[in-house]
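Shown below: entry.txt, with compact mmCIF, C-alpha atoms (C1' of nucleotides).
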# COMPACT_ATOMS: atom_id res chain seq x y z
CA MET A 1 -19.30 -17.71 17.51
CA LYS A 2 -18.90 -17.99 13.77
CA ARG A 3 -15.45 -18.33 12.32
CA LEU A 4 -13.71 -19.27 9.14
CA THR A 5 -13.48 -23.07 8.89
CA GLN A 6 -11.61 -25.52 6.69
CA GLN A 7 -14.82 -27.35 5.98
CA LYS A 8 -16.80 -24.34 4.83
CA VAL A 9 -13.94 -23.21 2.60
CA GLU A 10 -13.62 -26.68 1.12
CA THR A 11 -17.34 -26.72 0.33
CA LEU A 12 -17.14 -23.31 -1.33
CA ILE A 13 -14.10 -24.36 -3.34
CA ARG A 14 -15.87 -27.47 -4.62
CA GLU A 15 -19.06 -25.54 -5.39
CA LYS A 16 -17.17 -23.13 -7.60
CA GLY A 17 -15.15 -25.83 -9.33
CA LEU A 18 -11.93 -24.48 -7.86
CA LYS A 19 -9.09 -26.61 -6.64
CA LEU A 20 -8.11 -27.54 -3.14
CA THR A 21 -4.37 -27.00 -2.86
CA PRO A 22 -2.14 -27.49 0.17
CA GLN A 23 -1.21 -23.81 0.07
CA ARG A 24 -4.85 -22.76 0.30
CA GLN A 25 -5.42 -25.19 3.13
CA ALA A 26 -2.39 -23.90 4.99
CA ILE A 27 -3.58 -20.30 4.65
CA VAL A 28 -7.03 -21.21 5.93
CA GLU A 29 -5.63 -23.27 8.81
CA TYR A 30 -3.38 -20.43 9.84
CA LEU A 31 -6.23 -17.94 9.78
CA GLN A 32 -8.43 -20.35 11.68
CA GLY A 33 -5.92 -20.65 14.50
CA CYS A 34 -5.21 -16.95 14.67
CA THR A 35 -5.92 -15.10 17.88
CA HIS A 36 -4.99 -11.78 16.34
CA HIS A 37 -5.45 -9.97 13.01
CA PRO A 38 -2.53 -10.95 10.82
CA THR A 39 -1.13 -8.95 7.91
CA ALA A 40 -0.63 -10.58 4.51
CA ASP A 41 3.07 -10.78 5.27
CA GLU A 42 2.55 -12.59 8.57
CA ILE A 43 0.41 -15.10 6.73
CA PHE A 44 3.04 -15.40 4.00
CA ILE A 45 5.74 -16.13 6.60
CA ALA A 46 3.58 -18.61 8.53
CA VAL A 47 2.58 -20.53 5.43
CA ASN A 48 6.19 -20.65 4.26
CA GLU A 49 7.18 -22.43 7.44
CA ARG A 50 5.05 -25.33 6.25
CA PHE A 51 5.41 -24.88 2.48
CA PRO A 52 8.75 -23.13 1.95
CA LEU A 53 8.23 -22.06 -1.66
CA THR A 54 4.80 -20.52 -1.37
CA SER A 55 4.77 -17.23 -3.23
CA ARG A 56 3.23 -13.97 -2.18
CA ALA A 57 0.97 -14.10 -5.21
CA THR A 58 -0.64 -17.27 -3.89
CA VAL A 59 -1.19 -15.70 -0.49
CA TYR A 60 -2.73 -12.56 -1.96
CA ASN A 61 -4.85 -14.52 -4.46
CA THR A 62 -6.20 -16.75 -1.73
CA LEU A 63 -6.89 -13.88 0.65
CA ASN A 64 -8.71 -11.98 -2.08
CA TRP A 65 -10.80 -15.00 -2.91
CA LEU A 66 -11.62 -15.58 0.77
CA LYS A 67 -12.70 -11.96 1.03
CA GLU A 68 -15.00 -12.24 -1.99
CA ALA A 69 -16.40 -15.46 -0.59
CA GLY A 70 -17.12 -13.64 2.66
CA GLN A 71 -14.86 -15.91 4.69
CA VAL A 72 -12.51 -13.19 5.95
CA SER A 73 -12.76 -9.44 6.17
CA GLU A 74 -10.04 -6.89 5.70
CA VAL A 75 -9.34 -4.30 8.36
CA PHE A 76 -7.17 -1.28 7.57
CA GLU A 77 -5.45 0.16 10.57
CA GLY A 78 -2.65 2.68 10.44
CA GLY A 79 -2.28 2.12 6.72
CA VAL A 80 -1.76 -1.61 7.19
CA ALA A 81 -4.15 -4.22 5.82
CA ARG A 82 -5.05 -6.94 8.31
CA PHE A 83 -7.25 -9.97 7.90
CA ASP A 84 -10.02 -10.99 10.23
CA PRO A 85 -11.39 -14.57 10.35
CA ASN A 86 -14.13 -13.64 12.84
CA LEU A 87 -17.39 -13.94 10.91
CA ASP A 88 -19.67 -12.71 13.68
CA PRO A 89 -20.64 -9.05 13.34
CA HIS A 90 -18.32 -7.17 15.68
CA TYR A 91 -16.47 -3.93 16.28
CA HIS A 92 -12.76 -3.25 16.77
CA PHE A 93 -10.53 -1.74 19.38
CA VAL A 94 -7.14 -0.41 18.29
CA CYS A 95 -4.36 0.37 20.76
CA ARG A 96 -2.57 3.61 19.95
CA ALA A 97 0.56 2.44 21.78
CA CYS A 98 1.18 -1.06 20.45
CA GLY A 99 -1.12 -1.02 17.43
CA SER A 100 -2.87 -4.25 18.37
CA VAL A 101 -6.40 -4.79 17.06
CA GLU A 102 -8.97 -6.52 19.28
CA ASP A 103 -12.46 -7.67 18.42
CA ILE A 104 -15.24 -6.11 20.45
CA ASP A 105 -18.46 -7.96 20.83
CA LEU A 106 -21.50 -6.34 19.30
CA ASP A 107 -23.37 -6.11 22.58
CA ALA A 108 -20.60 -4.29 24.42
CA PHE A 109 -22.28 -1.26 22.90
CA GLY A 110 -25.92 -2.12 23.32
CA PRO A 111 -28.38 -1.19 20.60
CA LEU A 112 -27.32 1.89 18.65
CA PRO A 113 -29.74 4.79 18.38
CA HIS A 114 -31.60 4.98 15.12
CA CYS A 115 -29.61 6.99 12.61
CA THR A 116 -31.20 9.22 10.02
CA LEU A 117 -28.99 10.59 7.30
CA THR A 118 -30.13 13.65 5.41
CA GLY A 119 -28.30 12.94 2.19
CA ARG A 120 -30.48 10.11 0.79
CA GLN A 121 -27.75 7.54 1.35
CA THR A 122 -28.71 3.91 1.75
CA VAL A 123 -26.91 2.64 4.83
CA GLU A 124 -26.28 -1.09 4.75
CA SER A 125 -23.84 -1.57 7.59
CA TYR A 126 -21.46 0.26 9.82
CA ASP A 127 -18.15 -0.26 11.50
CA ILE A 128 -17.17 1.09 14.86
CA THR A 129 -13.52 1.40 15.80
CA MET A 130 -12.65 2.32 19.35
CA ARG A 131 -9.22 3.75 19.99
CA GLY A 132 -7.16 4.10 23.13
CA LEU A 133 -4.84 1.94 25.20
CA CYS A 134 -5.19 -1.82 25.43
CA ALA A 135 -5.00 -3.65 28.76
CA LYS A 136 -1.25 -4.20 28.45
CA CYS A 137 -0.55 -0.58 27.55
CA SER A 138 -2.98 1.00 30.06
CA PRO A 139 -1.44 2.48 33.20
CA ARG A 140 -2.46 0.27 36.13
CA PRO A 141 -3.87 1.75 39.32
CA ALA A 142 -1.32 1.52 42.17
CA VAL A 143 -1.83 -1.51 44.37
CA SER A 144 -1.19 -1.39 48.16
CA VAL A 145 1.00 -4.18 49.38
CA ILE A 146 1.32 -5.19 53.03
CA LEU A 147 5.00 -5.88 53.74
CA MET B 1 -18.10 24.29 11.42
CA LYS B 2 -14.40 24.11 12.03
CA ARG B 3 -12.09 23.58 9.10
CA LEU B 4 -8.46 23.85 8.18
CA THR B 5 -7.62 27.50 7.42
CA GLN B 6 -4.69 29.30 5.86
CA GLN B 7 -4.59 31.66 8.80
CA LYS B 8 -4.44 28.99 11.48
CA VAL B 9 -1.73 27.13 9.60
CA GLU B 10 0.27 30.34 9.15
CA THR B 11 0.06 31.01 12.88
CA LEU B 12 1.19 27.48 13.72
CA ILE B 13 4.07 27.71 11.25
CA ARG B 14 5.28 31.00 12.78
CA GLU B 15 4.89 29.67 16.32
CA LYS B 16 7.15 26.75 15.58
CA GLY B 17 9.72 28.82 13.70
CA LEU B 18 8.95 27.02 10.47
CA LYS B 19 8.82 28.67 7.09
CA LEU B 20 5.87 29.69 5.02
CA THR B 21 6.51 28.46 1.50
CA PRO B 22 4.29 28.76 -1.56
CA GLN B 23 4.09 24.97 -1.82
CA ARG B 24 2.77 24.68 1.72
CA GLN B 25 0.27 27.44 1.06
CA ALA B 26 -0.88 25.75 -2.12
CA ILE B 27 -1.39 22.45 -0.31
CA VAL B 28 -3.39 24.14 2.44
CA GLU B 29 -5.45 26.16 -0.04
CA TYR B 30 -6.26 23.04 -1.99
CA LEU B 31 -7.33 21.15 1.12
CA GLN B 32 -9.36 24.12 2.27
CA GLY B 33 -11.32 24.22 -0.96
CA CYS B 34 -11.85 20.47 -1.07
CA THR B 35 -15.38 19.16 -1.01
CA HIS B 36 -14.17 15.57 -0.89
CA HIS B 37 -11.40 13.57 0.78
CA PRO B 38 -8.39 13.72 -1.51
CA THR B 39 -5.56 11.21 -1.69
CA ALA B 40 -1.94 12.34 -1.46
CA ASP B 41 -1.66 11.88 -5.20
CA GLU B 42 -4.66 14.08 -5.96
CA ILE B 43 -3.09 16.77 -3.82
CA PHE B 44 0.24 16.27 -5.57
CA ILE B 45 -1.41 16.71 -8.98
CA ALA B 46 -3.45 19.74 -7.92
CA VAL B 47 -0.46 21.51 -6.37
CA ASN B 48 1.62 20.81 -9.47
CA GLU B 49 -0.90 22.64 -11.61
CA ARG B 50 0.12 25.77 -9.73
CA PHE B 51 3.74 24.90 -8.91
CA PRO B 52 4.88 22.50 -11.63
CA LEU B 53 8.03 21.22 -9.94
CA THR B 54 6.61 20.43 -6.52
CA SER B 55 7.91 17.04 -5.43
CA ARG B 56 6.00 14.26 -3.77
CA ALA B 57 8.32 14.56 -0.76
CA THR B 58 7.09 18.09 -0.15
CA VAL B 59 3.46 17.01 -0.37
CA TYR B 60 3.99 14.11 2.05
CA ASN B 61 6.11 16.17 4.43
CA THR B 62 3.50 18.88 4.57
CA LEU B 63 0.62 16.45 5.00
CA ASN B 64 2.47 14.69 7.80
CA TRP B 65 3.16 17.96 9.51
CA LEU B 66 -0.47 19.04 9.17
CA LYS B 67 -1.54 15.75 10.72
CA GLU B 68 0.78 16.19 13.70
CA ALA B 69 -0.43 19.73 14.10
CA GLY B 70 -4.00 18.42 14.15
CA GLN B 71 -5.02 20.38 11.07
CA VAL B 72 -6.01 17.39 8.93
CA SER B 73 -6.84 13.80 9.71
CA GLU B 74 -6.09 10.73 7.68
CA VAL B 75 -8.85 8.35 6.69
CA PHE B 76 -8.04 4.89 5.34
CA GLU B 77 -10.69 3.49 3.10
CA GLY B 78 -10.24 0.44 0.90
CA GLY B 79 -6.50 0.54 1.48
CA VAL B 80 -6.24 4.13 0.28
CA ALA B 81 -5.11 6.97 2.52
CA ARG B 82 -7.29 10.07 2.23
CA PHE B 83 -6.98 13.41 3.93
CA ASP B 84 -9.77 15.18 5.73
CA PRO B 85 -9.71 18.94 6.41
CA ASN B 86 -12.92 18.83 8.46
CA LEU B 87 -11.86 19.56 12.05
CA ASP B 88 -15.25 19.06 13.64
CA PRO B 89 -15.73 15.65 15.22
CA HIS B 90 -17.68 13.63 12.67
CA TYR B 91 -18.31 10.19 11.22
CA HIS B 92 -17.95 8.90 7.68
CA PHE B 93 -20.14 7.33 5.06
CA VAL B 94 -18.44 5.25 2.35
CA CYS B 95 -20.22 4.26 -0.86
CA ARG B 96 -19.56 0.68 -1.84
CA ALA B 97 -20.29 1.45 -5.50
CA CYS B 98 -18.27 4.58 -6.24
CA GLY B 99 -16.00 4.60 -3.20
CA SER B 100 -16.79 8.20 -2.28
CA VAL B 101 -16.35 9.23 1.35
CA GLU B 102 -18.82 11.66 2.90
CA ASP B 103 -18.73 13.35 6.28
CA ILE B 104 -21.63 12.58 8.58
CA ASP B 105 -22.49 15.05 11.26
CA LEU B 106 -22.06 13.84 14.82
CA ASP B 107 -25.69 14.36 15.72
CA ALA B 108 -27.06 12.26 12.87
CA PHE B 109 -26.52 9.47 15.34
CA GLY B 110 -27.61 11.07 18.57
CA PRO B 111 -25.80 10.24 21.79
CA LEU B 112 -24.23 6.80 21.75
CA PRO B 113 -25.09 4.33 24.51
CA HIS B 114 -22.51 3.98 27.22
CA CYS B 115 -20.03 1.31 26.26
CA THR B 116 -18.38 -0.98 28.79
CA LEU B 117 -15.50 -3.09 27.61
CA THR B 118 -14.57 -6.14 29.61
CA GLY B 119 -10.91 -6.20 28.67
CA ARG B 120 -9.61 -3.28 30.78
CA GLN B 121 -8.98 -1.18 27.70
CA THR B 122 -8.92 2.59 28.03
CA VAL B 123 -11.15 3.96 25.29
CA GLU B 124 -10.21 7.47 24.24
CA SER B 125 -12.18 7.94 21.05
CA TYR B 126 -14.06 6.06 18.41
CA ASP B 127 -14.77 6.26 14.71
CA ILE B 128 -17.97 5.22 13.05
CA THR B 129 -18.02 4.38 9.35
CA MET B 130 -21.32 3.77 7.69
CA ARG B 131 -21.33 1.80 4.46
CA GLY B 132 -23.85 1.47 1.68
CA LEU B 133 -24.85 3.41 -1.42
CA CYS B 134 -24.51 7.17 -1.71
CA ALA B 135 -27.34 9.32 -3.11
CA LYS B 136 -25.97 9.10 -6.66
CA CYS B 137 -25.55 5.34 -6.52
CA SER B 138 -28.83 4.59 -4.69
CA PRO B 139 -31.68 3.25 -6.80
CA ARG B 140 -34.38 5.96 -6.93
CA PRO B 141 -37.98 5.15 -6.16
CA ALA B 142 -40.07 5.25 -9.36
CA VAL B 143 -41.83 8.57 -9.84
CA SER B 144 -45.31 8.77 -11.42
CA VAL B 145 -45.51 11.26 -14.23
CA ILE B 146 -48.79 12.64 -15.62
CA LEU B 147 -48.51 12.70 -19.41
C1' DT C 1 21.91 42.54 1.62
C1' DT C 2 23.79 39.00 4.19
C1' DT C 3 23.55 34.91 6.72
C1' DG C 4 21.87 30.82 8.99
C1' DT C 5 18.57 27.52 8.80
C1' DA C 6 14.71 25.21 6.97
C1' DT C 7 12.86 23.56 2.78
C1' DT C 8 12.61 21.83 -1.78
C1' DT C 9 13.88 18.87 -5.37
C1' DA C 10 15.04 14.70 -8.05
C1' DG C 11 15.95 10.49 -7.72
C1' DA C 12 17.08 6.42 -5.04
C1' DC C 13 14.96 3.33 -2.02
C1' DA C 14 11.48 0.41 0.43
C1' DA C 15 7.20 -1.93 1.21
C1' DA C 16 2.76 -3.67 -0.32
C1' DA C 17 0.30 -5.59 -3.79
C1' DT C 18 -0.59 -7.02 -8.60
C1' DC C 19 0.59 -9.15 -12.94
C1' DT C 20 2.84 -12.46 -16.11
C1' DA C 21 4.40 -16.58 -18.45
C1' DA C 22 6.14 -20.94 -17.68
C1' DA C 23 6.02 -24.98 -14.81
C1' DA C 24 3.47 -27.82 -11.74
C1' DT C 25 -0.67 -29.64 -9.60
C1' DT C 26 -5.41 -30.95 -9.10
C1' DT C 27 -9.34 -33.29 -10.69
C1' DG C 28 -12.56 -35.87 -13.42
C1' DA C 29 -12.79 -39.30 -16.69
C1' DA C 30 -10.97 -43.12 -19.42
C1' DT D 1 -3.95 -46.17 -12.53
C1' DT D 2 -3.10 -43.06 -16.18
C1' DC D 3 -4.29 -39.13 -18.99
C1' DA D 4 -5.70 -34.71 -20.40
C1' DA D 5 -7.68 -30.28 -19.46
C1' DA D 6 -7.95 -26.67 -16.66
C1' DT D 7 -6.56 -24.30 -12.69
C1' DT D 8 -2.95 -22.93 -9.73
C1' DT D 9 1.63 -21.95 -8.31
C1' DT D 10 5.96 -19.87 -8.74
C1' DA D 11 9.63 -16.38 -9.45
C1' DG D 12 10.36 -12.32 -10.86
C1' DA D 13 8.98 -8.03 -13.04
C1' DT D 14 6.00 -4.23 -12.33
C1' DT D 15 3.12 -0.75 -10.10
C1' DT D 16 1.83 2.06 -6.41
C1' DT D 17 2.49 4.47 -2.22
C1' DG D 18 5.43 6.51 0.72
C1' DT D 19 10.12 7.63 2.80
C1' DC D 20 14.88 9.11 2.62
C1' DT D 21 18.98 11.61 0.96
C1' DA D 22 22.21 15.10 -0.58
C1' DA D 23 22.63 19.12 -3.12
C1' DA D 24 20.46 23.31 -4.47
C1' DT D 25 17.29 26.81 -3.13
C1' DA D 26 14.34 29.94 -0.59
C1' DC D 27 12.79 32.07 3.65
C1' DA D 28 13.24 35.33 7.33
C1' DA D 29 15.70 37.91 10.74
C1' DA D 30 19.26 41.21 11.44
Show this structure as C-alpha cells.
Amino acid sequence: MKRLTQQKVETLIREKGLKLTPQRQAIVEYLQGCTHHPTADEIFIAVNERFPLTSRATVYNTLNWLKEAGQVSEVFEGGVARFDPNLDPHYHFVCRACGSVEDIDLDAFGPLPHCTLTGRQTVESYDITMRGLCAKCSPRPAVSVIL
Amino acid sequence: MKRLTQQKVETLIREKGLKLTPQRQAIVEYLQGCTHHPTADEIFIAVNERFPLTSRATVYNTLNWLKEAGQVSEVFEGGVARFDPNLDPHYHFVCRACGSVEDIDLDAFGPLPHCTLTGRQTVESYDITMRGLCAKCSPRPAVSVIL
DNA sequence: TTTGTATTTAGACAAAATCTAAAATTTGAA
DNA sequence: TTCAAATTTTAGATTTTGTCTAAATACAAA
C-alpha cells in the first residue's frame, strides 16, 4: 500500500532545490495520518493547530506542489475539492447521505472489459466513482433478538 | 437518444404550477442545442445575448431546478461545474490537454464485472471518467504521401 | 382586465482559491 | 557560527463561483 510519506517528500524537495519548512512538514504529516479525504480548509485548520499563523496561501501552494509532484491527488465531489494521499491506483465510493468518500481497492471490481472508443481518443487512465449509501447510512436488516 | 427537450420541461413546469418564462426557455434551448458541456457562466453569457438583463440568479435557479427535475446533470471536472443535457446513461472522457468533456456511450465498455464491496456499502450507481487526449489533441500517426 | 403568486433583477454576501508585496526563514558557503 | 541569496510565508486584497434578499415585474387563471 503506497502512501504519501515525509521521507519521499523531503527527497523531492531537496532534488528540486526547494526548502523544507515546518509548515510543509505539518501539511504532509497531517495528510499522512489522514483516514479520510480532507478539504483544503480542514488541512488549513489542522495545520494551524500546530502552527497558528499558517496562511491559506501556504496550504494551497503546498497542496498544488504535492499534486504536481504526484504525491497527492485531488478528488472533486459535490463541488468540493478533497485531497487524497493514497498513491495506489484505486476507485472511490461516495455516500449520498453523509457525503463521505471512501477508497475502493482496484480488485473489488476485477479486470475491466476492454474498452474501444470510436472517437480516436487516447485513453490513459480512468476513474470509477461508485455512489450510494455508506455502511453507516445504509439501512440495517432487522435482527431477531431472543428476550 | 434521450435529451433535455423544451416540451418535457414545459410539461414539468405546468405540472408543478411553475411559470414558463422566456429566460427559462432560453436556458433550456441553449442546453438543448449544446454539443459540449457548458459551465454556468457560458450559459449566463449565451442567455444574455438573447435577454440582455438576465441575472446570474435566474441562471443558477433554473439550472438547480432542472437538476432536481432530472433534466440535466452536473459534472465536476477540474474543479469546474459543467452541465450535461444528455439524459441517457453514459460515461465521460476528459482531455488532459484541452479540458474538453465528451460523452461516451454506455456500451463502449460492455457489461461491467460484478463488483463486491467489503464495507457493507449500498451501491446505487457509478460514474466512469476516462482521461487522456481527445482526437484533436492526440498525436496523429505519420501518413505516407506519394509526391 | 384584474389579481395572486411566482419570478426576475441588481446587488449584497459568502466561500474557495489565487495573487501580491513585504517580512521572515531556509540553506549553502564563508 | 555568521552571512547572503534565494525561497517561502504571511496578511490581506482580489477573483471566481454561487447563493440570498427585497423590490419590481411578469405570468396565468378567472
In file coordinates, which residues lie within 8 Å of (20.6, 11.9, -2.7) using only C-alpha atoms (C1' of nucleotides), given as a PDB file with C-alpha atoms (C1' of nucleotides), in the frame of the given file?
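Written output follows (point.pdb):
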ATOM      1  C1'  DG C  11      15.950  10.490  -7.720  1.00  0.00           C
ATOM      2  C1'  DA C  12      17.080   6.420  -5.040  1.00  0.00           C
TER       3       DA C  12
ATOM      4  C1'  DT D  21      18.980  11.610   0.960  1.00  0.00           C
ATOM      5  C1'  DA D  22      22.210  15.100  -0.580  1.00  0.00           C
ATOM      6  C1'  DA D  23      22.630  19.120  -3.120  1.00  0.00           C
TER       7       DA D  23
END
Which of these residues is nearest to chain A, using all atoms listed in the file: C:DA16, C:DA21, C:DA29, C:DA10?
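When distances to chain A are compared using all atoms listed in the file, the smallest one comes from C:DA16.
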Distance table requested - chain B against chain C, cut-off 8 Å, all atoms listed in the file: one row per qualifying residue with the closest atom pair and its distance in Å to one decimal, ordered by chain and rising residue number, as JSON lines.
{"residue": "B:Leu18", "atom": "CA", "partner": "C:DA6", "partner_atom": "C1'", "distance": 7.0}
{"residue": "B:Lys19", "atom": "CA", "partner": "C:DA6", "partner_atom": "C1'", "distance": 6.8}
{"residue": "B:Leu53", "atom": "CA", "partner": "C:DT9", "partner_atom": "C1'", "distance": 7.8}
{"residue": "B:Thr54", "atom": "CA", "partner": "C:DT9", "partner_atom": "C1'", "distance": 7.5}
{"residue": "B:Ser55", "atom": "CA", "partner": "C:DT9", "partner_atom": "C1'", "distance": 6.2}
{"residue": "B:Thr58", "atom": "CA", "partner": "C:DT8", "partner_atom": "C1'", "distance": 6.9}
Expressed in Å to a single decimal, how great is the separation between CA of Met130 (chain A) and CA of Cys98 (chain A)?
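Result for CA of Met130 (chain A) versus CA of Cys98 (chain A): 14.3 Å, one decimal.
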Using all atoms listed in the file, find each residue of chain A with at least one atom at most 6 Å away from an atom of chain B; report its shortest atom-to-atom pair and that distance in Å (one decimal), sort the rows by chain and rising residue number, and return the result as JSON lines.
{"residue": "A:Ala108", "atom": "CA", "partner": "B:Thr116", "partner_atom": "CA", "distance": 5.9}
{"residue": "A:Phe109", "atom": "CA", "partner": "B:Cys115", "partner_atom": "CA", "distance": 4.8}
{"residue": "A:Cys115", "atom": "CA", "partner": "B:Phe109", "partner_atom": "CA", "distance": 4.8}
{"residue": "A:Thr116", "atom": "CA", "partner": "B:Ala108", "partner_atom": "CA", "distance": 5.9}
{"residue": "A:Arg120", "atom": "CA", "partner": "B:Ala135", "partner_atom": "CA", "distance": 5.1}
{"residue": "A:Gln121", "atom": "CA", "partner": "B:Cys134", "partner_atom": "CA", "distance": 4.5}
{"residue": "A:Thr122", "atom": "CA", "partner": "B:Leu133", "partner_atom": "CA", "distance": 5.0}
{"residue": "A:Val123", "atom": "CA", "partner": "B:Gly132", "partner_atom": "CA", "distance": 4.5}
{"residue": "A:Glu124", "atom": "CA", "partner": "B:Gly132", "partner_atom": "CA", "distance": 4.7}
{"residue": "A:Ser125", "atom": "CA", "partner": "B:Arg131", "partner_atom": "CA", "distance": 5.2}
{"residue": "A:Tyr126", "atom": "CA", "partner": "B:Met130", "partner_atom": "CA", "distance": 4.1}
{"residue": "A:Asp127", "atom": "CA", "partner": "B:Thr129", "partner_atom": "CA", "distance": 5.1}
{"residue": "A:Ile128", "atom": "CA", "partner": "B:Ile128", "partner_atom": "CA", "distance": 4.6}
{"residue": "A:Thr129", "atom": "CA", "partner": "B:Asp127", "partner_atom": "CA", "distance": 5.1}
{"residue": "A:Met130", "atom": "CA", "partner": "B:Tyr126", "partner_atom": "CA", "distance": 4.1}
{"residue": "A:Arg131", "atom": "CA", "partner": "B:Ser125", "partner_atom": "CA", "distance": 5.2}
{"residue": "A:Gly132", "atom": "CA", "partner": "B:Val123", "partner_atom": "CA", "distance": 4.5}
{"residue": "A:Leu133", "atom": "CA", "partner": "B:Thr122", "partner_atom": "CA", "distance": 5.0}
{"residue": "A:Cys134", "atom": "CA", "partner": "B:Gln121", "partner_atom": "CA", "distance": 4.5}
{"residue": "A:Ala135", "atom": "CA", "partner": "B:Gln121", "partner_atom": "CA", "distance": 4.8}
May I have the residues of chain D within 12 Å of chain B, counting only C-alpha atoms (C1' of nucleotides), written as a PyMOL selection string?
chain D and resi 16-21+25-29
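Atom pair CA of Lys8 (chain B) / CA of Glu42 (chain B): separated by 22.9 Å.
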Hey, can you check how far CA of Phe51 (chain B) sits from CA of Gln23 (chain B)?
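CA of Phe51 (chain B) sits 7.1 Å away from CA of Gln23 (chain B).
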Rank A:Thr5, A:Ser73, A:Asn86, A:Thr62 by their smallest atom-to-atom distance to Val47 (chain A), using only C-alpha atoms, and report the top residue only.
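Looking at the shortest contact to Val47 (chain A), the residue is A:Thr62.
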Mind rebuilding region 106-127 of chain A with N, CA and C atoms and writing that out as a PDB file, in the coordinates of the input?
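The resulting file, part_4.pdb, is reproduced below:
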ATOM      1  N   LEU A 106     -20.459  -7.264  19.716  1.00  0.00           N
ATOM      2  CA  LEU A 106     -21.500  -6.340  19.300  1.00  0.00           C
ATOM      3  C   LEU A 106     -22.256  -5.761  20.495  1.00  0.00           C
ATOM      4  N   ASP A 107     -22.517  -6.610  21.509  1.00  0.00           N
ATOM      5  CA  ASP A 107     -23.370  -6.110  22.580  1.00  0.00           C
ATOM      6  C   ASP A 107     -22.614  -5.410  23.704  1.00  0.00           C
ATOM      7  N   ALA A 108     -21.313  -5.162  23.488  1.00  0.00           N
ATOM      8  CA  ALA A 108     -20.600  -4.290  24.420  1.00  0.00           C
ATOM      9  C   ALA A 108     -21.208  -2.897  24.333  1.00  0.00           C
ATOM     10  N   PHE A 109     -21.762  -2.597  23.174  1.00  0.00           N
ATOM     11  CA  PHE A 109     -22.280  -1.260  22.900  1.00  0.00           C
ATOM     12  C   PHE A 109     -23.755  -1.135  23.214  1.00  0.00           C
ATOM     13  N   GLY A 110     -24.478  -2.232  23.211  1.00  0.00           N
ATOM     14  CA  GLY A 110     -25.920  -2.120  23.320  1.00  0.00           C
ATOM     15  C   GLY A 110     -26.470  -1.653  21.991  1.00  0.00           C
ATOM     16  N   PRO A 111     -27.790  -1.577  21.871  1.00  0.00           N
ATOM     17  CA  PRO A 111     -28.380  -1.190  20.600  1.00  0.00           C
ATOM     18  C   PRO A 111     -28.029   0.267  20.279  1.00  0.00           C
ATOM     19  N   LEU A 112     -27.650   0.520  19.049  1.00  0.00           N
ATOM     20  CA  LEU A 112     -27.320   1.890  18.650  1.00  0.00           C
ATOM     21  C   LEU A 112     -28.600   2.669  18.412  1.00  0.00           C
ATOM     22  N   PRO A 113     -28.558   3.970  18.647  1.00  0.00           N
ATOM     23  CA  PRO A 113     -29.740   4.790  18.380  1.00  0.00           C
ATOM     24  C   PRO A 113     -30.008   4.773  16.875  1.00  0.00           C
ATOM     25  N   HIS A 114     -31.243   4.965  16.528  1.00  0.00           N
ATOM     26  CA  HIS A 114     -31.600   4.980  15.120  1.00  0.00           C
ATOM     27  C   HIS A 114     -30.915   6.181  14.462  1.00  0.00           C
ATOM     28  N   CYS A 115     -30.386   5.961  13.277  1.00  0.00           N
ATOM     29  CA  CYS A 115     -29.610   6.990  12.610  1.00  0.00           C
ATOM     30  C   CYS A 115     -30.291   7.433  11.333  1.00  0.00           C
ATOM     31  N   THR A 116     -30.568   8.718  11.237  1.00  0.00           N
ATOM     32  CA  THR A 116     -31.200   9.220  10.020  1.00  0.00           C
ATOM     33  C   THR A 116     -30.254  10.153   9.293  1.00  0.00           C
ATOM     34  N   LEU A 117     -29.873   9.761   8.097  1.00  0.00           N
ATOM     35  CA  LEU A 117     -28.990  10.590   7.300  1.00  0.00           C
ATOM     36  C   LEU A 117     -29.831  11.480   6.400  1.00  0.00           C
ATOM     37  N   THR A 118     -29.352  12.688   6.186  1.00  0.00           N
ATOM     38  CA  THR A 118     -30.130  13.650   5.410  1.00  0.00           C
ATOM     39  C   THR A 118     -29.821  13.592   3.927  1.00  0.00           C
ATOM     40  N   GLY A 119     -28.786  12.868   3.572  1.00  0.00           N
ATOM     41  CA  GLY A 119     -28.300  12.940   2.190  1.00  0.00           C
ATOM     42  C   GLY A 119     -28.819  11.845   1.260  1.00  0.00           C
ATOM     43  N   ARG A 120     -29.888  11.152   1.637  1.00  0.00           N
ATOM     44  CA  ARG A 120     -30.480  10.110   0.790  1.00  0.00           C
ATOM     45  C   ARG A 120     -29.534   8.934   0.549  1.00  0.00           C
ATOM     46  N   GLN A 121     -28.599   8.728   1.451  1.00  0.00           N
ATOM     47  CA  GLN A 121     -27.750   7.540   1.350  1.00  0.00           C
ATOM     48  C   GLN A 121     -28.544   6.314   1.798  1.00  0.00           C
ATOM     49  N   THR A 122     -28.172   5.182   1.277  1.00  0.00           N
ATOM     50  CA  THR A 122     -28.710   3.910   1.750  1.00  0.00           C
ATOM     51  C   THR A 122     -27.648   3.256   2.628  1.00  0.00           C
ATOM     52  N   VAL A 123     -27.904   3.211   3.931  1.00  0.00           N
ATOM     53  CA  VAL A 123     -26.910   2.640   4.830  1.00  0.00           C
ATOM     54  C   VAL A 123     -27.153   1.139   4.961  1.00  0.00           C
ATOM     55  N   GLU A 124     -26.130   0.364   4.699  1.00  0.00           N
ATOM     56  CA  GLU A 124     -26.280  -1.090   4.750  1.00  0.00           C
ATOM     57  C   GLU A 124     -25.595  -1.701   5.977  1.00  0.00           C
ATOM     58  N   SER A 125     -24.554  -1.055   6.431  1.00  0.00           N
ATOM     59  CA  SER A 125     -23.840  -1.570   7.590  1.00  0.00           C
ATOM     60  C   SER A 125     -22.967  -0.456   8.150  1.00  0.00           C
ATOM     61  N   TYR A 126     -22.427  -0.705   9.318  1.00  0.00           N
ATOM     62  CA  TYR A 126     -21.460   0.260   9.820  1.00  0.00           C
ATOM     63  C   TYR A 126     -20.411  -0.423  10.652  1.00  0.00           C
ATOM     64  N   ASP A 127     -19.259   0.209  10.682  1.00  0.00           N
ATOM     65  CA  ASP A 127     -18.150  -0.260  11.500  1.00  0.00           C
ATOM     66  C   ASP A 127     -17.956   0.730  12.627  1.00  0.00           C
TER      67      ASP A 127
END
